[in-house]
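Trainee: Just so it is clear, I am handing over model10.txt, which has compact mmCIF, C-alpha atoms.
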# COMPACT_ATOMS: atom_id res chain seq x y z
CA MET N 1 93.35 98.54 160.15
CA THR N 2 90.00 100.25 160.80
CA GLN N 3 86.67 100.48 159.02
CA ILE N 4 86.33 103.16 156.38
CA THR N 5 83.02 104.82 155.50
CA LEU N 6 82.63 106.23 152.00
CA ASN N 7 79.82 108.61 151.11
CA LEU N 8 79.27 108.28 147.37
CA ASN N 9 75.77 109.78 147.49
CA PRO N 10 76.79 113.21 146.11
CA ILE N 11 78.19 111.37 143.06
CA ILE N 12 76.00 108.27 142.71
CA LYS N 13 73.25 106.55 144.67
CA LEU N 14 73.77 102.84 144.14
CA THR N 15 70.72 100.69 143.54
CA GLU N 16 70.45 97.30 145.26
CA GLU N 17 71.58 95.63 142.03
CA GLN N 18 74.52 98.00 141.58
CA PHE N 19 75.68 97.45 145.15
CA TYR N 20 75.38 93.69 144.67
CA GLN N 21 77.48 93.91 141.49
CA LEU N 22 80.04 96.15 143.22
CA CYS N 23 80.46 93.50 145.92
CA ARG N 24 80.77 90.71 143.35
CA GLU N 25 83.37 92.63 141.32
CA ASN N 26 85.37 93.39 144.47
CA SER N 27 85.06 90.06 146.25
CA ASP N 28 88.34 90.63 148.12
CA LEU N 29 86.66 93.48 150.03
CA LYS N 30 84.05 93.10 152.72
CA LEU N 31 81.51 95.82 152.04
CA GLU N 32 78.38 96.85 153.88
CA ARG N 33 76.04 99.75 153.24
CA ASN N 34 74.19 101.69 155.91
CA ALA N 35 70.63 103.02 155.61
CA LYS N 36 71.99 106.38 154.36
CA GLY N 37 73.62 104.58 151.42
CA GLU N 38 77.19 105.09 152.66
CA LEU N 39 79.62 102.27 151.90
CA ILE N 40 81.46 100.69 154.81
CA VAL N 41 84.75 98.99 153.94
CA MET N 42 85.63 96.48 156.63
CA PRO N 43 89.08 94.98 157.08
CA PRO N 44 89.56 91.21 157.32
CA THR N 45 89.38 89.84 160.84
CA GLY N 46 92.47 88.83 162.77
CA GLY N 47 93.18 85.32 163.93
CA GLU N 48 91.56 85.53 167.36
CA THR N 49 88.35 87.09 165.98
CA GLY N 50 88.17 84.53 163.16
CA LYS N 51 88.68 81.70 165.64
CA SER N 52 85.91 83.12 167.87
CA ASN N 53 83.57 83.42 164.87
CA VAL N 54 83.97 79.69 164.22
CA LYS N 55 83.34 78.88 167.88
CA VAL N 56 79.95 80.60 167.72
CA ILE N 57 78.82 79.53 164.25
CA VAL N 58 79.64 75.82 164.55
CA PRO N 59 77.45 75.21 167.64
CA LEU N 60 74.68 77.27 166.03
CA ALA N 61 74.90 75.19 162.85
CA ILE N 62 74.92 71.92 164.80
CA TRP N 63 71.86 73.00 166.79
CA ASN N 64 70.11 73.96 163.56
CA GLU N 65 70.96 70.63 161.89
CA GLN N 66 69.38 68.84 164.84
CA THR N 67 66.25 70.99 165.02
CA GLU N 68 65.81 71.93 161.33
CA LEU N 69 64.07 75.13 162.45
CA GLY N 70 65.77 77.46 159.98
CA GLU N 71 68.97 78.33 158.15
CA VAL N 72 72.35 79.50 159.51
CA PHE N 73 74.53 82.01 157.64
CA ASP N 74 78.17 83.04 157.95
CA SER N 75 79.77 86.48 157.90
CA SER N 76 79.99 86.53 154.11
CA THR N 77 76.20 86.56 153.72
CA GLY N 78 74.60 89.87 152.83
CA PHE N 79 71.16 90.88 154.05
CA THR N 80 69.20 93.83 152.65
CA LEU N 81 67.25 95.07 155.64
CA PRO N 82 63.83 96.74 155.38
CA ASN N 83 65.52 100.16 155.90
CA LYS N 84 67.64 99.40 152.76
CA ALA N 85 70.91 98.90 154.69
CA ASP N 86 73.02 95.98 153.47
CA ARG N 87 74.59 94.16 156.41
CA SER N 88 76.65 91.02 157.03
CA PRO N 89 76.51 89.83 160.65
CA ASP N 90 79.27 87.52 161.91
CA ALA N 91 76.66 84.77 162.31
CA SER N 92 72.93 84.80 161.68
CA TRP N 93 69.86 82.61 161.57
CA VAL N 94 66.57 82.87 159.67
CA GLU N 95 63.44 80.95 160.68
CA LYS N 96 62.52 78.21 158.18
CA SER N 97 59.18 79.58 156.91
CA ARG N 98 60.73 83.00 156.22
CA TRP N 99 63.59 81.39 154.26
CA GLU N 100 61.20 79.15 152.33
CA GLY N 101 59.04 82.20 151.52
CA LEU N 102 61.86 83.66 149.41
CA THR N 103 62.14 83.04 145.69
CA ALA N 104 65.13 81.18 144.23
CA GLU N 105 66.46 84.51 142.90
CA GLN N 106 66.13 86.19 146.30
CA ARG N 107 68.08 83.33 147.89
CA GLU N 108 70.96 83.76 145.41
CA LYS N 109 71.55 87.47 146.03
CA PHE N 110 71.63 89.49 149.24
CA ILE N 111 68.77 88.14 151.30
CA PRO N 112 65.94 90.72 151.33
CA LEU N 113 65.04 90.47 155.01
CA CYS N 114 66.45 90.94 158.48
CA PRO N 115 67.64 87.77 160.23
CA ASP N 116 65.69 86.54 163.25
CA PHE N 117 68.95 86.14 165.19
CA VAL N 118 72.38 87.76 164.79
CA ILE N 119 75.76 87.58 166.47
CA GLU N 120 78.45 90.24 166.16
CA ILE N 121 81.86 89.72 167.75
CA LEU N 122 83.65 92.99 168.37
CA SER N 123 87.06 92.87 166.71
CA PRO N 124 89.94 95.27 167.45
CA SER N 125 89.12 97.25 164.29
CA ASP N 126 85.45 97.72 165.28
CA SER N 127 84.04 100.73 167.09
CA LEU N 128 81.86 99.69 170.04
CA LYS N 129 79.50 102.61 169.42
CA LYS N 130 79.07 101.83 165.71
CA THR N 131 78.59 98.13 166.40
CA GLN N 132 75.97 98.92 169.06
CA GLU N 133 74.19 101.11 166.50
CA LYS N 134 74.36 98.25 164.00
CA MET N 135 72.87 95.86 166.57
CA GLN N 136 70.05 98.32 167.28
CA GLU N 137 69.50 98.61 163.53
CA TYR N 138 68.96 94.84 163.33
CA ILE N 139 66.40 95.03 166.15
CA ASP N 140 64.68 98.06 164.58
CA ASN N 141 64.36 96.04 161.37
CA GLY N 142 62.74 93.00 162.98
CA CYS N 143 65.56 90.89 164.44
CA ARG N 144 64.19 89.11 167.50
CA LEU N 145 67.45 88.37 169.34
CA GLY N 146 71.01 89.59 168.95
CA TRP N 147 74.27 89.10 170.81
CA LEU N 148 77.15 91.57 170.67
CA ILE N 149 80.15 89.79 172.15
CA ARG N 150 83.11 91.81 173.46
CA ARG N 151 85.56 88.95 173.75
CA LYS N 152 88.45 90.89 175.32
CA ASN N 153 86.18 92.36 178.02
CA ARG N 154 84.21 89.14 178.54
CA GLU N 155 81.06 91.15 178.07
CA VAL N 156 77.87 90.43 176.13
CA TYR N 157 75.17 92.88 175.08
CA ILE N 158 71.86 91.10 174.53
CA TYR N 159 69.39 92.79 172.18
CA ARG N 160 65.76 91.69 172.20
CA LEU N 161 62.84 92.97 170.18
CA GLY N 162 60.86 95.43 172.29
CA LYS N 163 63.19 95.34 175.31
CA GLU N 164 66.11 97.27 176.77
CA VAL N 165 69.64 96.05 176.03
CA GLU N 166 70.93 93.71 178.75
CA VAL N 167 74.67 93.66 179.53
CA LEU N 168 76.24 90.55 181.05
CA GLN N 169 79.74 90.39 182.57
CA SER N 170 81.64 87.12 182.05
CA PRO N 171 78.64 84.86 181.45
CA GLN N 172 79.41 81.14 181.16
CA THR N 173 76.65 80.51 178.61
CA LEU N 174 74.02 82.29 176.53
CA SER N 175 70.52 80.99 175.87
CA GLY N 176 68.77 81.18 172.51
CA GLU N 177 65.61 81.79 174.53
CA ASN N 178 62.34 81.31 172.62
CA VAL N 179 63.95 82.40 169.32
CA LEU N 180 66.36 79.43 169.21
CA PRO N 181 64.66 76.92 171.55
CA GLY N 182 67.15 74.62 173.22
CA PHE N 183 70.24 76.42 171.90
CA THR N 184 72.93 77.28 174.44
CA LEU N 185 76.29 78.79 173.53
CA ASN N 186 79.22 77.90 175.81
CA LEU N 187 81.16 81.16 176.06
CA GLN N 188 84.13 79.50 177.77
CA ARG N 189 85.18 78.37 174.29
CA VAL N 190 84.87 81.95 172.97
CA TRP N 191 86.75 83.82 175.71
Let me see the structure of the file written as C-alpha cells.

Mentor:
Amino acid sequence: MTQITLNLNPIIKLTEEQFYQLCRENSDLKLERNAKGELIVMPPTGGETGKSNVKVIVPLAIWNEQTELGEVFDSSTGFTLPNKADRSPDASWVEKSRWEGLTAEQREKFIPLCPDFVIEILSPSDSLKKTQEKMQEYIDNGCRLGWLIRRKNREVYIYRLGKEVEVLQSPQTLSGENVLPGFTLNLQRVW
C-alpha cells in the first residue's frame, strides 16, 4: 500500500478547523496536508516499522522524563507548521517553554508550531524523495534537528537548521547534540 495525494483545492480549500474535523471524523485514516493544501492519505505501518518506531520513541521519552526539558509526541500527533502544512512525524519533541506558551485549546488540537526535533523512519510505502522533502520542510519551518532513518539501508540523514544534510552509513548511535543535550539513540536496536 502506498501514500495517496488528493488535491481537493479545485473543489474546496479546507480551513485548519475543517481539516481537524475531517481527521477526527475519519480517525481510522492517517491524514497529513502539505503546504499546497493537498491531502496525503498514509497507510498504516507494517510490523517492522511499528517496532522501530517504538524503539526510537521510548528512549526519547525516557530521556525527556529524566531531563524534563520538553514534551515528546508520537506519530498520531498533528502539527500545523508555519507554512500551513499539517504533519505528523513518527516521533517529535518540543522544548518546554514553547509547549507551555501554548493555550489549553492549542494543546488539544493540532499543535500550531513546528517541533524542535523530529524523527521519520522510512517505511516500505514511503517515497525517499517525498520524505526528504518533508524533512526539509520541517527544517524550513524552524525544526532544529531531524533524523530520517532508512532502516533497511542502515542509513541516516541528519537535518540541522542552517546546515547541509549529513548522511551516515551504519552508525551505531545518534547524538541529540545541543537540541537534546545528553540524549543518545542506540541504532543497534533499530536496525

Trainee: I'd like to know which of N:Leu174, N:Val179, N:Val167, N:Leu29 is closest to Leu145 in chain N, using all atoms listed in the file.

Mentor: N:Val179

Trainee: How far is it from CA of Phe183 in chain N to CA of Glu65 in chain N, in Å with one decimal?

Mentor: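 Taking CA of Phe183 in chain N and CA of Glu65 in chain N, their separation equals 11.6 Å.
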
Trainee: Which residue is closest to Leu81 in chain N? Choose from N:Gln18, N:Asn26, N:Gln169, N:Asn34 and count all atoms listed in the file.

Mentor: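 With all atoms listed in the file as the atom set, the closest residue is N:Asn34.
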
Trainee: Quick one: pull the distance between CA of Ala61 in chain N and CA of Val118 in chain N, Å, one decimal.

Mentor: 13.0 Å

Trainee: Residues within 10 Å of Glu68 in chain N, please, as number ranges by chain. Count all atoms listed in the file; anything in the same chain fewer than 6 positions from it doesn't count.

Mentor: N: 61-62, 95-96

Trainee: Export, as an mmCIF file, in the coordinates of the input, the selected residues with C-alpha atoms.

Mentor:
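Output below, filename part05.cif:
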data_model
loop_
_atom_site.group_PDB
_atom_site.id
_atom_site.type_symbol
_atom_site.label_atom_id
_atom_site.label_comp_id
_atom_site.auth_asym_id
_atom_site.auth_seq_id
_atom_site.Cartn_x
_atom_site.Cartn_y
_atom_site.Cartn_z
ATOM 1 C CA ALA N 61 74.900 75.190 162.850
ATOM 2 C CA ILE N 62 74.920 71.920 164.800
ATOM 3 C CA GLU N 95 63.440 80.950 160.680
ATOM 4 C CA LYS N 96 62.520 78.210 158.180
#

Trainee: From the list N:Gly50, N:Pro181, N:Gly78, N:Pro10, which residue is nearest Lys36 in chain N when using all atoms listed in the file?

Mentor: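 That would be N:Pro10, the residue with the smallest distance to Lys36 in chain N.
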
Trainee: So which one's closest to Leu14 in chain N, N:Lys30, N:Lys109, N:Lys51, N:Lys84? Using all atoms listed in the file, please.

Mentor: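 Using all atoms listed in the file, Leu14 in chain N sits closest to N:Lys84.
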
Trainee: Between N:Met42, N:Pro171, N:Pro112, N:Thr184, which one has atoms that come closest to Arg150 in chain N, using only C-alpha atoms?

Mentor: N:Pro171

Trainee: Between N:Phe79, N:Trp93, N:Trp99, N:Tyr159, which one has atoms that come closest to Phe19 in chain N, using only C-alpha atoms?

Mentor: N:Phe79

Trainee: Would you mind reading off the distance between CA of Asn53 in chain N and CA of Tyr20 in chain N, one decimal, in Å?

Mentor: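 Taking CA of Asn53 in chain N as the start and CA of Tyr20 in chain N as the end point, the length is 24.1 Å.
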
Trainee: At a cut-off of 12 Å from (87.5, 94.1, 154.0) in the coordinates of the file, what residues are picked up using all atoms listed in the file, written as number ranges by chain?

Mentor: N: 1-5, 23, 26-32, 39-46, 75-76, 88, 125

Trainee: Take the residues just selected and output them with C-alpha atoms as a PDB file, in the frame of the given file.

Mentor:
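The result, stored in again_16.pdb:
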ATOM      1  CA  MET N   1      93.350  98.540 160.150  1.00  0.00           C
ATOM      2  CA  THR N   2      90.000 100.250 160.800  1.00  0.00           C
ATOM      3  CA  GLN N   3      86.670 100.480 159.020  1.00  0.00           C
ATOM      4  CA  ILE N   4      86.330 103.160 156.380  1.00  0.00           C
ATOM      5  CA  THR N   5      83.020 104.820 155.500  1.00  0.00           C
ATOM      6  CA  CYS N  23      80.460  93.500 145.920  1.00  0.00           C
ATOM      7  CA  ASN N  26      85.370  93.390 144.470  1.00  0.00           C
ATOM      8  CA  SER N  27      85.060  90.060 146.250  1.00  0.00           C
ATOM      9  CA  ASP N  28      88.340  90.630 148.120  1.00  0.00           C
ATOM     10  CA  LEU N  29      86.660  93.480 150.030  1.00  0.00           C
ATOM     11  CA  LYS N  30      84.050  93.100 152.720  1.00  0.00           C
ATOM     12  CA  LEU N  31      81.510  95.820 152.040  1.00  0.00           C
ATOM     13  CA  GLU N  32      78.380  96.850 153.880  1.00  0.00           C
ATOM     14  CA  LEU N  39      79.620 102.270 151.900  1.00  0.00           C
ATOM     15  CA  ILE N  40      81.460 100.690 154.810  1.00  0.00           C
ATOM     16  CA  VAL N  41      84.750  98.990 153.940  1.00  0.00           C
ATOM     17  CA  MET N  42      85.630  96.480 156.630  1.00  0.00           C
ATOM     18  CA  PRO N  43      89.080  94.980 157.080  1.00  0.00           C
ATOM     19  CA  PRO N  44      89.560  91.210 157.320  1.00  0.00           C
ATOM     20  CA  THR N  45      89.380  89.840 160.840  1.00  0.00           C
ATOM     21  CA  GLY N  46      92.470  88.830 162.770  1.00  0.00           C
ATOM     22  CA  SER N  75      79.770  86.480 157.900  1.00  0.00           C
ATOM     23  CA  SER N  76      79.990  86.530 154.110  1.00  0.00           C
ATOM     24  CA  SER N  88      76.650  91.020 157.030  1.00  0.00           C
ATOM     25  CA  SER N 125      89.120  97.250 164.290  1.00  0.00           C
TER      26      SER N 125
END

Trainee: I'd like the neighbourhood of Thr80 in chain N as a ChimeraX atom specification, where a residue qualifies if any of its atoms comes within 9 Å (using only C-alpha atoms), though same-chain residues fewer than 5 positions away should be ignored.

Mentor: /N:16,85-87,110-114

Trainee: I'd like the contact shell of Lys55 in chain N - 10 Å cut-off, all atoms listed in the file, skipping same-chain residues fewer than 6 positions apart - returned as a PyMOL selection string.

Mentor: chain N and resi 49+185-191

Trainee: With 12 Å as the threshold, what does the neighbourhood of (74.7, 90.7, 170.7) contain in terms of residues, counting only C-alpha atoms? Coordinates are those of the file; answer as a ChimeraX atom specification.

Mentor: /N:56,89-92,117-122,128,131-139,143-151,155-160,165-168,174-176

Trainee: Since we have the selection now, will you write its residues out, keeping C-alpha atoms, as a PDB file, in the frame of the given file?

Mentor:
ATOM      1  CA  VAL N  56      79.950  80.600 167.720  1.00  0.00           C
ATOM      2  CA  PRO N  89      76.510  89.830 160.650  1.00  0.00           C
ATOM      3  CA  ASP N  90      79.270  87.520 161.910  1.00  0.00           C
ATOM      4  CA  ALA N  91      76.660  84.770 162.310  1.00  0.00           C
ATOM      5  CA  SER N  92      72.930  84.800 161.680  1.00  0.00           C
ATOM      6  CA  PHE N 117      68.950  86.140 165.190  1.00  0.00           C
ATOM      7  CA  VAL N 118      72.380  87.760 164.790  1.00  0.00           C
ATOM      8  CA  ILE N 119      75.760  87.580 166.470  1.00  0.00           C
ATOM      9  CA  GLU N 120      78.450  90.240 166.160  1.00  0.00           C
ATOM     10  CA  ILE N 121      81.860  89.720 167.750  1.00  0.00           C
ATOM     11  CA  LEU N 122      83.650  92.990 168.370  1.00  0.00           C
ATOM     12  CA  LEU N 128      81.860  99.690 170.040  1.00  0.00           C
ATOM     13  CA  THR N 131      78.590  98.130 166.400  1.00  0.00           C
ATOM     14  CA  GLN N 132      75.970  98.920 169.060  1.00  0.00           C
ATOM     15  CA  GLU N 133      74.190 101.110 166.500  1.00  0.00           C
ATOM     16  CA  LYS N 134      74.360  98.250 164.000  1.00  0.00           C
ATOM     17  CA  MET N 135      72.870  95.860 166.570  1.00  0.00           C
ATOM     18  CA  GLN N 136      70.050  98.320 167.280  1.00  0.00           C
ATOM     19  CA  GLU N 137      69.500  98.610 163.530  1.00  0.00           C
ATOM     20  CA  TYR N 138      68.960  94.840 163.330  1.00  0.00           C
ATOM     21  CA  ILE N 139      66.400  95.030 166.150  1.00  0.00           C
ATOM     22  CA  CYS N 143      65.560  90.890 164.440  1.00  0.00           C
ATOM     23  CA  ARG N 144      64.190  89.110 167.500  1.00  0.00           C
ATOM     24  CA  LEU N 145      67.450  88.370 169.340  1.00  0.00           C
ATOM     25  CA  GLY N 146      71.010  89.590 168.950  1.00  0.00           C
ATOM     26  CA  TRP N 147      74.270  89.100 170.810  1.00  0.00           C
ATOM     27  CA  LEU N 148      77.150  91.570 170.670  1.00  0.00           C
ATOM     28  CA  ILE N 149      80.150  89.790 172.150  1.00  0.00           C
ATOM     29  CA  ARG N 150      83.110  91.810 173.460  1.00  0.00           C
ATOM     30  CA  ARG N 151      85.560  88.950 173.750  1.00  0.00           C
ATOM     31  CA  GLU N 155      81.060  91.150 178.070  1.00  0.00           C
ATOM     32  CA  VAL N 156      77.870  90.430 176.130  1.00  0.00           C
ATOM     33  CA  TYR N 157      75.170  92.880 175.080  1.00  0.00           C
ATOM     34  CA  ILE N 158      71.860  91.100 174.530  1.00  0.00           C
ATOM     35  CA  TYR N 159      69.390  92.790 172.180  1.00  0.00           C
ATOM     36  CA  ARG N 160      65.760  91.690 172.200  1.00  0.00           C
ATOM     37  CA  VAL N 165      69.640  96.050 176.030  1.00  0.00           C
ATOM     38  CA  GLU N 166      70.930  93.710 178.750  1.00  0.00           C
ATOM     39  CA  VAL N 167      74.670  93.660 179.530  1.00  0.00           C
ATOM     40  CA  LEU N 168      76.240  90.550 181.050  1.00  0.00           C
ATOM     41  CA  LEU N 174      74.020  82.290 176.530  1.00  0.00           C
ATOM     42  CA  SER N 175      70.520  80.990 175.870  1.00  0.00           C
ATOM     43  CA  GLY N 176      68.770  81.180 172.510  1.00  0.00           C
TER      44      GLY N 176
END

Trainee: Could you model N, CA, C and O atoms for range 28-54 of chain N and present them as a PDB file, in the coordinates of the input?

Mentor:
ATOM      1  N   ASP N  28      87.291  90.610 147.100  1.00  0.00           N
ATOM      2  CA  ASP N  28      88.340  90.630 148.120  1.00  0.00           C
ATOM      3  C   ASP N  28      88.034  91.621 149.242  1.00  0.00           C
ATOM      4  O   ASP N  28      88.690  91.611 150.282  1.00  0.00           O
ATOM      5  N   LEU N  29      87.053  92.493 149.018  1.00  0.00           N
ATOM      6  CA  LEU N  29      86.660  93.480 150.030  1.00  0.00           C
ATOM      7  C   LEU N  29      85.397  93.025 150.727  1.00  0.00           C
ATOM      8  O   LEU N  29      84.506  92.448 150.111  1.00  0.00           O
ATOM      9  N   LYS N  30      85.302  93.322 152.011  1.00  0.00           N
ATOM     10  CA  LYS N  30      84.050  93.100 152.720  1.00  0.00           C
ATOM     11  C   LYS N  30      83.361  94.448 152.811  1.00  0.00           C
ATOM     12  O   LYS N  30      83.858  95.366 153.466  1.00  0.00           O
ATOM     13  N   LEU N  31      82.249  94.561 152.105  1.00  0.00           N
ATOM     14  CA  LEU N  31      81.510  95.820 152.040  1.00  0.00           C
ATOM     15  C   LEU N  31      80.146  95.676 152.675  1.00  0.00           C
ATOM     16  O   LEU N  31      79.468  94.661 152.510  1.00  0.00           O
ATOM     17  N   GLU N  32      79.744  96.712 153.398  1.00  0.00           N
ATOM     18  CA  GLU N  32      78.380  96.850 153.880  1.00  0.00           C
ATOM     19  C   GLU N  32      77.904  98.216 153.441  1.00  0.00           C
ATOM     20  O   GLU N  32      78.695  99.049 152.980  1.00  0.00           O
ATOM     21  N   ARG N  33      76.606  98.447 153.571  1.00  0.00           N
ATOM     22  CA  ARG N  33      76.040  99.750 153.240  1.00  0.00           C
ATOM     23  C   ARG N  33      75.020 100.098 154.306  1.00  0.00           C
ATOM     24  O   ARG N  33      74.155  99.283 154.630  1.00  0.00           O
ATOM     25  N   ASN N  34      75.143 101.298 154.879  1.00  0.00           N
ATOM     26  CA  ASN N  34      74.190 101.690 155.910  1.00  0.00           C
ATOM     27  C   ASN N  34      72.912 102.236 155.271  1.00  0.00           C
ATOM     28  O   ASN N  34      72.816 102.361 154.046  1.00  0.00           O
ATOM     29  N   ALA N  35      71.930 102.564 156.106  1.00  0.00           N
ATOM     30  CA  ALA N  35      70.630 103.020 155.610  1.00  0.00           C
ATOM     31  C   ALA N  35      70.727 104.336 154.846  1.00  0.00           C
ATOM     32  O   ALA N  35      69.865 104.636 154.028  1.00  0.00           O
ATOM     33  N   LYS N  36      71.782 105.126 155.094  1.00  0.00           N
ATOM     34  CA  LYS N  36      71.990 106.380 154.360  1.00  0.00           C
ATOM     35  C   LYS N  36      72.638 106.142 153.001  1.00  0.00           C
ATOM     36  O   LYS N  36      72.834 107.078 152.243  1.00  0.00           O
ATOM     37  N   GLY N  37      73.006 104.900 152.699  1.00  0.00           N
ATOM     38  CA  GLY N  37      73.620 104.580 151.420  1.00  0.00           C
ATOM     39  C   GLY N  37      75.133 104.692 151.426  1.00  0.00           C
ATOM     40  O   GLY N  37      75.774 104.493 150.395  1.00  0.00           O
ATOM     41  N   GLU N  38      75.737 104.991 152.588  1.00  0.00           N
ATOM     42  CA  GLU N  38      77.190 105.090 152.660  1.00  0.00           C
ATOM     43  C   GLU N  38      77.805 103.692 152.650  1.00  0.00           C
ATOM     44  O   GLU N  38      77.266 102.760 153.259  1.00  0.00           O
ATOM     45  N   LEU N  39      78.925 103.548 151.948  1.00  0.00           N
ATOM     46  CA  LEU N  39      79.620 102.270 151.900  1.00  0.00           C
ATOM     47  C   LEU N  39      80.543 102.143 153.105  1.00  0.00           C
ATOM     48  O   LEU N  39      81.229 103.098 153.472  1.00  0.00           O
ATOM     49  N   ILE N  40      80.584 100.967 153.682  1.00  0.00           N
ATOM     50  CA  ILE N  40      81.460 100.690 154.810  1.00  0.00           C
ATOM     51  C   ILE N  40      82.420  99.595 154.365  1.00  0.00           C
ATOM     52  O   ILE N  40      81.995  98.481 154.034  1.00  0.00           O
ATOM     53  N   VAL N  41      83.709  99.938 154.320  1.00  0.00           N
ATOM     54  CA  VAL N  41      84.750  98.990 153.940  1.00  0.00           C
ATOM     55  C   VAL N  41      85.321  98.425 155.234  1.00  0.00           C
ATOM     56  O   VAL N  41      85.834  99.172 156.063  1.00  0.00           O
ATOM     57  N   MET N  42      85.210  97.112 155.389  1.00  0.00           N
ATOM     58  CA  MET N  42      85.630  96.480 156.630  1.00  0.00           C
ATOM     59  C   MET N  42      86.872  95.638 156.384  1.00  0.00           C
ATOM     60  O   MET N  42      86.927  94.877 155.416  1.00  0.00           O
ATOM     61  N   PRO N  43      87.872  95.773 157.255  1.00  0.00           N
ATOM     62  CA  PRO N  43      89.080  94.980 157.080  1.00  0.00           C
ATOM     63  C   PRO N  43      88.830  93.517 157.414  1.00  0.00           C
ATOM     64  O   PRO N  43      87.878  93.199 158.121  1.00  0.00           O
ATOM     65  N   PRO N  44      89.688  92.620 156.926  1.00  0.00           N
ATOM     66  CA  PRO N  44      89.560  91.210 157.320  1.00  0.00           C
ATOM     67  C   PRO N  44      89.756  91.088 158.838  1.00  0.00           C
ATOM     68  O   PRO N  44      90.419  91.924 159.451  1.00  0.00           O
ATOM     69  N   THR N  45      89.198  90.050 159.408  1.00  0.00           N
ATOM     70  CA  THR N  45      89.380  89.840 160.840  1.00  0.00           C
ATOM     71  C   THR N  45      90.755  89.253 161.115  1.00  0.00           C
ATOM     72  O   THR N  45      91.359  88.621 160.255  1.00  0.00           O
ATOM     73  N   GLY N  46      91.224  89.453 162.329  1.00  0.00           N
ATOM     74  CA  GLY N  46      92.470  88.830 162.770  1.00  0.00           C
ATOM     75  C   GLY N  46      92.211  87.399 163.207  1.00  0.00           C
ATOM     76  O   GLY N  46      91.068  86.926 163.230  1.00  0.00           O
ATOM     77  N   GLY N  47      93.270  86.726 163.567  1.00  0.00           N
ATOM     78  CA  GLY N  47      93.180  85.320 163.930  1.00  0.00           C
ATOM     79  C   GLY N  47      92.267  85.024 165.097  1.00  0.00           C
ATOM     80  O   GLY N  47      91.448  84.105 165.045  1.00  0.00           O
ATOM     81  N   GLU N  48      92.388  85.794 166.175  1.00  0.00           N
ATOM     82  CA  GLU N  48      91.560  85.530 167.360  1.00  0.00           C
ATOM     83  C   GLU N  48      90.079  85.757 167.069  1.00  0.00           C
ATOM     84  O   GLU N  48      89.231  84.983 167.501  1.00  0.00           O
ATOM     85  N   THR N  49      89.754  86.821 166.320  1.00  0.00           N
ATOM     86  CA  THR N  49      88.350  87.090 165.980  1.00  0.00           C
ATOM     87  C   THR N  49      87.811  85.997 165.065  1.00  0.00           C
ATOM     88  O   THR N  49      86.698  85.496 165.258  1.00  0.00           O
ATOM     89  N   GLY N  50      88.607  85.601 164.059  1.00  0.00           N
ATOM     90  CA  GLY N  50      88.170  84.530 163.160  1.00  0.00           C
ATOM     91  C   GLY N  50      87.936  83.231 163.892  1.00  0.00           C
ATOM     92  O   GLY N  50      86.963  82.511 163.633  1.00  0.00           O
ATOM     93  N   LYS N  51      88.823  82.919 164.836  1.00  0.00           N
ATOM     94  CA  LYS N  51      88.680  81.700 165.640  1.00  0.00           C
ATOM     95  C   LYS N  51      87.403  81.778 166.483  1.00  0.00           C
ATOM     96  O   LYS N  51      86.653  80.795 166.576  1.00  0.00           O
ATOM     97  N   SER N  52      87.128  82.944 167.064  1.00  0.00           N
ATOM     98  CA  SER N  52      85.910  83.120 167.870  1.00  0.00           C
ATOM     99  C   SER N  52      84.664  82.996 166.996  1.00  0.00           C
ATOM    100  O   SER N  52      83.649  82.431 167.430  1.00  0.00           O
ATOM    101  N   ASN N  53      84.715  83.533 165.776  1.00  0.00           N
ATOM    102  CA  ASN N  53      83.570  83.420 164.870  1.00  0.00           C
ATOM    103  C   ASN N  53      83.212  81.947 164.648  1.00  0.00           C
ATOM    104  O   ASN N  53      82.031  81.577 164.666  1.00  0.00           O
ATOM    105  N   VAL N  54      84.218  81.118 164.435  1.00  0.00           N
ATOM    106  CA  VAL N  54      83.970  79.690 164.220  1.00  0.00           C
ATOM    107  C   VAL N  54      83.357  79.065 165.463  1.00  0.00           C
ATOM    108  O   VAL N  54      82.448  78.238 165.370  1.00  0.00           O
TER     109      VAL N  54
END
